[in-house]
file target-v7.pdb (PDB, C-alpha atoms)
ATOM      1  CA  MET A 194     104.951 121.597  64.084
ATOM      2  CA  THR A 195     108.270 121.023  65.885
ATOM      3  CA  ASP A 196     107.261 120.956  69.535
ATOM      4  CA  VAL A 197     107.496 117.938  71.817
ATOM      5  CA  LEU A 198     104.824 116.917  74.328
ATOM      6  CA  ALA A 199     106.158 114.686  77.124
ATOM      7  CA  VAL A 200     103.899 113.046  79.692
ATOM      8  CA  THR A 201     105.076 112.725  83.291
ATOM      9  CA  ASP A 202     104.407 109.700  85.481
ATOM     10  CA  HIS A 203     103.498 109.299  89.154
ATOM     11  CA  ARG A 204     102.396 106.517  91.426
ATOM     12  CA  ARG A 205     100.948 106.533  94.942
ATOM     13  CA  GLY A 206     101.576 110.246  95.379
ATOM     14  CA  ASP A 207     105.185 110.249  94.183
ATOM     15  CA  LEU A 208     106.577 111.585  90.945
ATOM     16  CA  ARG A 209     108.488 108.733  89.342
ATOM     17  CA  ASP A 210     112.106 109.014  88.181
ATOM     18  CA  VAL A 211     111.033 108.232  84.625
ATOM     19  CA  SER A 212     109.460 111.718  84.589
ATOM     20  CA  TYR A 213     112.891 113.299  84.836
ATOM     21  CA  GLU A 214     114.249 110.950  82.181
ATOM     22  CA  ILE A 215     111.449 111.931  79.828
ATOM     23  CA  ILE A 216     112.161 115.627  80.463
ATOM     24  CA  THR A 217     115.773 115.061  79.390
ATOM     25  CA  ALA A 218     114.778 113.054  76.310
ATOM     26  CA  GLY A 219     112.104 115.585  75.407
ATOM     27  CA  ARG A 220     114.473 118.533  75.736
ATOM     28  CA  GLU A 221     117.090 116.837  73.545
ATOM     29  CA  LEU A 222     114.474 116.057  70.899
ATOM     30  CA  ALA A 223     113.042 119.594  71.052
ATOM     31  CA  ASP A 224     116.561 120.985  70.623
ATOM     32  CA  GLU A 225     117.043 118.854  67.516
ATOM     33  CA  THR A 226     113.755 120.031  66.006
ATOM     34  CA  GLY A 227     114.052 123.649  67.141
ATOM     35  CA  GLY A 228     110.811 123.382  69.077
ATOM     36  CA  ASP A 229     109.568 123.796  72.613
ATOM     37  CA  LEU A 230     109.191 121.141  75.290
ATOM     38  CA  HIS A 231     105.711 120.891  76.775
ATOM     39  CA  LEU A 232     105.013 118.653  79.774
ATOM     40  CA  ALA A 233     101.702 117.096  80.666
ATOM     41  CA  VAL A 234     101.054 116.457  84.357
ATOM     42  CA  ILE A 235      97.843 114.490  84.710
ATOM     43  CA  SER A 236      96.050 113.616  87.966
ATOM     44  CA  GLY A 237      97.468 113.483  91.470
ATOM     45  CA  THR A 238      98.890 116.569  93.136
ATOM     46  CA  VAL A 239      99.453 118.294  89.803
ATOM     47  CA  ASP A 240     100.721 121.591  91.253
ATOM     48  CA  ASP A 241     103.340 119.807  93.382
ATOM     49  CA  PHE A 242     104.392 117.599  90.474
ATOM     50  CA  ALA A 243     104.548 120.604  88.148
ATOM     51  CA  ASP A 244     106.818 122.438  90.611
ATOM     52  CA  LYS A 245     109.166 119.447  90.709
ATOM     53  CA  CYS A 246     109.229 119.273  86.902
ATOM     54  CA  ASN A 247     109.745 122.995  86.392
ATOM     55  CA  ARG A 248     113.388 122.760  85.349
ATOM     56  CA  ASP A 249     115.659 124.457  82.850
ATOM     57  CA  GLY A 250     114.631 123.449  79.359
ATOM     58  CA  VAL A 251     110.940 122.966  80.116
ATOM     59  CA  ASP A 252     109.044 125.576  78.130
ATOM     60  CA  ALA A 253     105.491 124.910  79.340
ATOM     61  CA  ILE A 254     103.719 122.657  81.823
ATOM     62  CA  HIS A 255     100.088 121.695  81.289
ATOM     63  CA  THR A 256      98.248 120.288  84.289
ATOM     64  CA  VAL A 257      95.065 118.244  84.285
ATOM     65  CA  SER A 258      93.674 117.820  87.778
ATOM     66  CA  HIS A 259      91.425 114.770  87.794
ATOM     67  CA  GLY A 260      91.638 112.166  90.539
ATOM     68  CA  GLU A 261      94.612 111.030  92.570
ATOM     69  CA  GLU A 262      95.851 108.047  90.580
ATOM     70  CA  PHE A 263      96.092 106.793  87.033
ATOM     71  CA  ASN A 264      92.931 106.445  84.976
ATOM     72  CA  HIS A 265      93.293 105.187  81.403
ATOM     73  CA  ASP A 266      90.392 107.200  80.029
ATOM     74  CA  VAL A 267      91.473 110.455  81.700
ATOM     75  CA  TYR A 268      95.038 110.142  80.378
ATOM     76  CA  THR A 269      93.905 109.205  76.889
ATOM     77  CA  GLN A 270      91.463 112.097  76.680
ATOM     78  CA  ALA A 271      93.851 114.646  78.221
ATOM     79  CA  ILE A 272      96.749 113.744  75.932
ATOM     80  CA  THR A 273      94.524 113.688  72.857
ATOM     81  CA  GLN A 274      93.164 117.144  73.700
ATOM     82  CA  LEU A 275      96.656 118.525  74.382
ATOM     83  CA  TYR A 276      97.828 117.099  71.068
ATOM     84  CA  ASP A 277      94.932 118.777  69.252
ATOM     85  CA  GLU A 278      95.660 122.079  71.004
ATOM     86  CA  LEU A 279      99.470 122.104  70.747
ATOM     87  CA  ALA A 280     100.045 120.131  67.513
ATOM     88  CA  PRO A 281     103.422 118.758  68.656
ATOM     89  CA  GLN A 282     105.671 116.891  66.248
ATOM     90  CA  TYR A 283     106.320 114.185  68.853
ATOM     91  CA  VAL A 284     104.555 112.836  71.939
ATOM     92  CA  LEU A 285     106.714 111.050  74.508
ATOM     93  CA  THR A 286     105.221 108.744  77.099
ATOM     94  CA  PRO A 287     107.089 106.928  79.858
ATOM     95  CA  ASN A 288     108.090 103.302  79.570
ATOM     96  CA  SER A 289     106.019 102.380  82.596
ATOM     97  CA  VAL A 290     102.971 100.259  83.282
ATOM     98  CA  ASN A 291     100.777 103.343  82.902
ATOM     99  CA  GLY A 292     102.560 104.635  79.794
ATOM    100  CA  LEU A 293     102.330 101.260  78.090
ATOM    101  CA  ASP A 294      98.623 101.217  78.949
ATOM    102  CA  TYR A 295      97.520 104.507  77.390
ATOM    103  CA  ALA A 296     100.133 105.120  74.647
ATOM    104  CA  PRO A 297      98.588 102.660  72.148
ATOM    105  CA  ALA A 298      95.120 104.112  72.759
ATOM    106  CA  VAL A 299      96.376 107.663  72.188
ATOM    107  CA  ALA A 300      98.259 106.589  69.060
ATOM    108  CA  ASN A 301      95.145 104.858  67.758
ATOM    109  CA  GLN A 302      92.894 107.861  68.387
ATOM    110  CA  LEU A 303      95.358 110.250  66.743
ATOM    111  CA  ASP A 304      96.333 107.849  63.948
ATOM    112  CA  LEU A 305     100.007 108.047  64.941
ATOM    113  CA  PRO A 306     102.671 105.349  65.130
ATOM    114  CA  VAL A 307     103.753 104.126  68.554
ATOM    115  CA  VAL A 308     107.300 103.037  69.420
ATOM    116  CA  THR A 309     107.998 101.476  72.807
ATOM    117  CA  ASP A 310     111.050 100.449  74.835
ATOM    118  CA  THR A 311     113.410 103.025  73.367
ATOM    119  CA  ILE A 312     116.722 103.958  74.939
ATOM    120  CA  ASP A 313     117.601 106.797  72.547
ATOM    121  CA  LEU A 314     115.781 109.159  70.203
ATOM    122  CA  GLU A 315     117.215 111.241  67.369
ATOM    123  CA  THR A 316     115.808 113.016  64.380
ATOM    124  CA  ASP A 317     117.283 114.040  61.073
ATOM    125  CA  GLY A 318     114.727 116.823  60.885
ATOM    126  CA  GLU A 319     111.937 114.748  59.387
ATOM    127  CA  THR A 320     112.404 111.151  60.494
ATOM    128  CA  LEU A 321     112.477 109.959  64.088
ATOM    129  CA  ILE A 322     115.171 107.396  64.760
ATOM    130  CA  ALA A 323     114.412 105.296  67.830
ATOM    131  CA  THR A 324     117.010 102.954  69.299
ATOM    132  CA  ARG A 325     115.803  99.961  71.234
ATOM    133  CA  GLU A 326     117.914  97.917  73.578
TER     134      GLU A 326
END

call {"tool": "encode", "arguments": {"input": "target-v7.pdb", "output": "structure tokens"}}
result
Amino acid sequence: MTDVLAVTDHRRGDLRDVSYEIITAGRELADETGGDLHLAVISGTVDDFADKCNRDGVDAIHTVSHGEEFNHDVYTQAITQLYDELAPQYVLTPNSVNGLDYAPAVANQLDLPVVTDTIDLETDGETLIATRE
């Protein structure tokens, strides 16, 4: 279990910049753990968003087409199911209104810790070190 699952973010039909930031953070973390970077693209124009996120360093993109905008229950269920399927070591969510909405619910369902407002992530192989501003 060394893979990283990173969740993209969109609003009103546009992929948000935080999605690209989370791709970078996820790739760096996956490199440190020797795992793959998986992206979750949930709701909206998932094929268009997936094309925009299909960059060097992204190993797999998982799309969940359900509605046009954010829905707490859809995100929580989709991420939980992807976690069960992929068994990633880490799940990264954006520091956005939506991310801060569903991340605690996902962490609670999966019995995982949640760390918010980070500006840097590192791992020593077993422990995640999160730096907050």

call {"tool": "atom_distance", "arguments": {"input": "target-v7.pdb", "atom1": "CA of Asp304 (chain A)", "atom2": "CA of Ala243 (chain A)"}}
result
28.6 Å

call {"tool": "resolve_selection", "arguments": {"input": "target-v7.pdb", "expression": "the PyMOL selection byres ((chain A and resi 298) around 12)", "output": "compact mmCIF listing (two decimals) with C-alpha atoms, in the coordinates of the input"}}
result
# COMPACT_ATOMS: atom_id res chain seq x y z
CA HIS A 265 93.29 105.19 81.40
CA ASP A 266 90.39 107.20 80.03
CA VAL A 267 91.47 110.46 81.70
CA TYR A 268 95.04 110.14 80.38
CA THR A 269 93.90 109.20 76.89
CA GLN A 270 91.46 112.10 76.68
CA ALA A 271 93.85 114.65 78.22
CA ILE A 272 96.75 113.74 75.93
CA THR A 273 94.52 113.69 72.86
CA THR A 286 105.22 108.74 77.10
CA ASN A 291 100.78 103.34 82.90
CA GLY A 292 102.56 104.64 79.79
CA LEU A 293 102.33 101.26 78.09
CA ASP A 294 98.62 101.22 78.95
CA TYR A 295 97.52 104.51 77.39
CA ALA A 296 100.13 105.12 74.65
CA PRO A 297 98.59 102.66 72.15
CA VAL A 299 96.38 107.66 72.19
CA ALA A 300 98.26 106.59 69.06
CA ASN A 301 95.14 104.86 67.76
CA GLN A 302 92.89 107.86 68.39
CA LEU A 303 95.36 110.25 66.74
CA ASP A 304 96.33 107.85 63.95
CA LEU A 305 100.01 108.05 64.94
CA PRO A 306 102.67 105.35 65.13
CA VAL A 307 103.75 104.13 68.55

call {"tool": "closest_residue", "arguments": {"input": "target-v7.pdb", "among": "A:Val239, A:Leu314, A:Leu198, A:Val284", "to": "Ala253 (chain A)", "atoms": "only C-alpha atoms"}}
result
A:Leu198

call {"tool": "atom_distance", "arguments": {"input": "target-v7.pdb", "atom1": "CA of Pro281 (chain A)", "atom2": "CA of Arg205 (chain A)"}}
result
29.1 Å

call {"tool": "resolve_selection", "arguments": {"input": "target-v7.pdb", "expression": "the PyMOL selection byres ((chain A and resi 226-230) around 8)", "output": "list in words"}}
result
Met194, Thr195, Asp196, Val197, Leu198, Ala199, Gly219, Arg220, Leu222, Ala223, Asp224, Glu225, His231, Leu232, Gly250, Val251, Asp252, Ala253, Thr316 and Gly318 of chain A

call {"tool": "closest_residue", "arguments": {"input": "target-v7.pdb", "among": "A:Asn264, A:Ala280, A:Ser258, A:Val290", "to": "Arg209 (chain A)", "atoms": "only C-alpha atoms"}}
result
A:Val290

call {"tool": "atom_distance", "arguments": {"input": "target-v7.pdb", "atom1": "CA of Thr256 (chain A)", "atom2": "CA of Val211 (chain A)"}}
result
17.6 Å

call {"tool": "axis_aligned_box", "arguments": {"input": "target-v7.pdb", "around": "region 307-323 of chain A", "padding_each_side": "4 Å", "output": "AutoDock Vina command-line options"}}
result
--center_x 110.7 --center_y 108.6 --center_z 67.2 --size_x 21.8 --size_y 24.4 --size_z 23.6
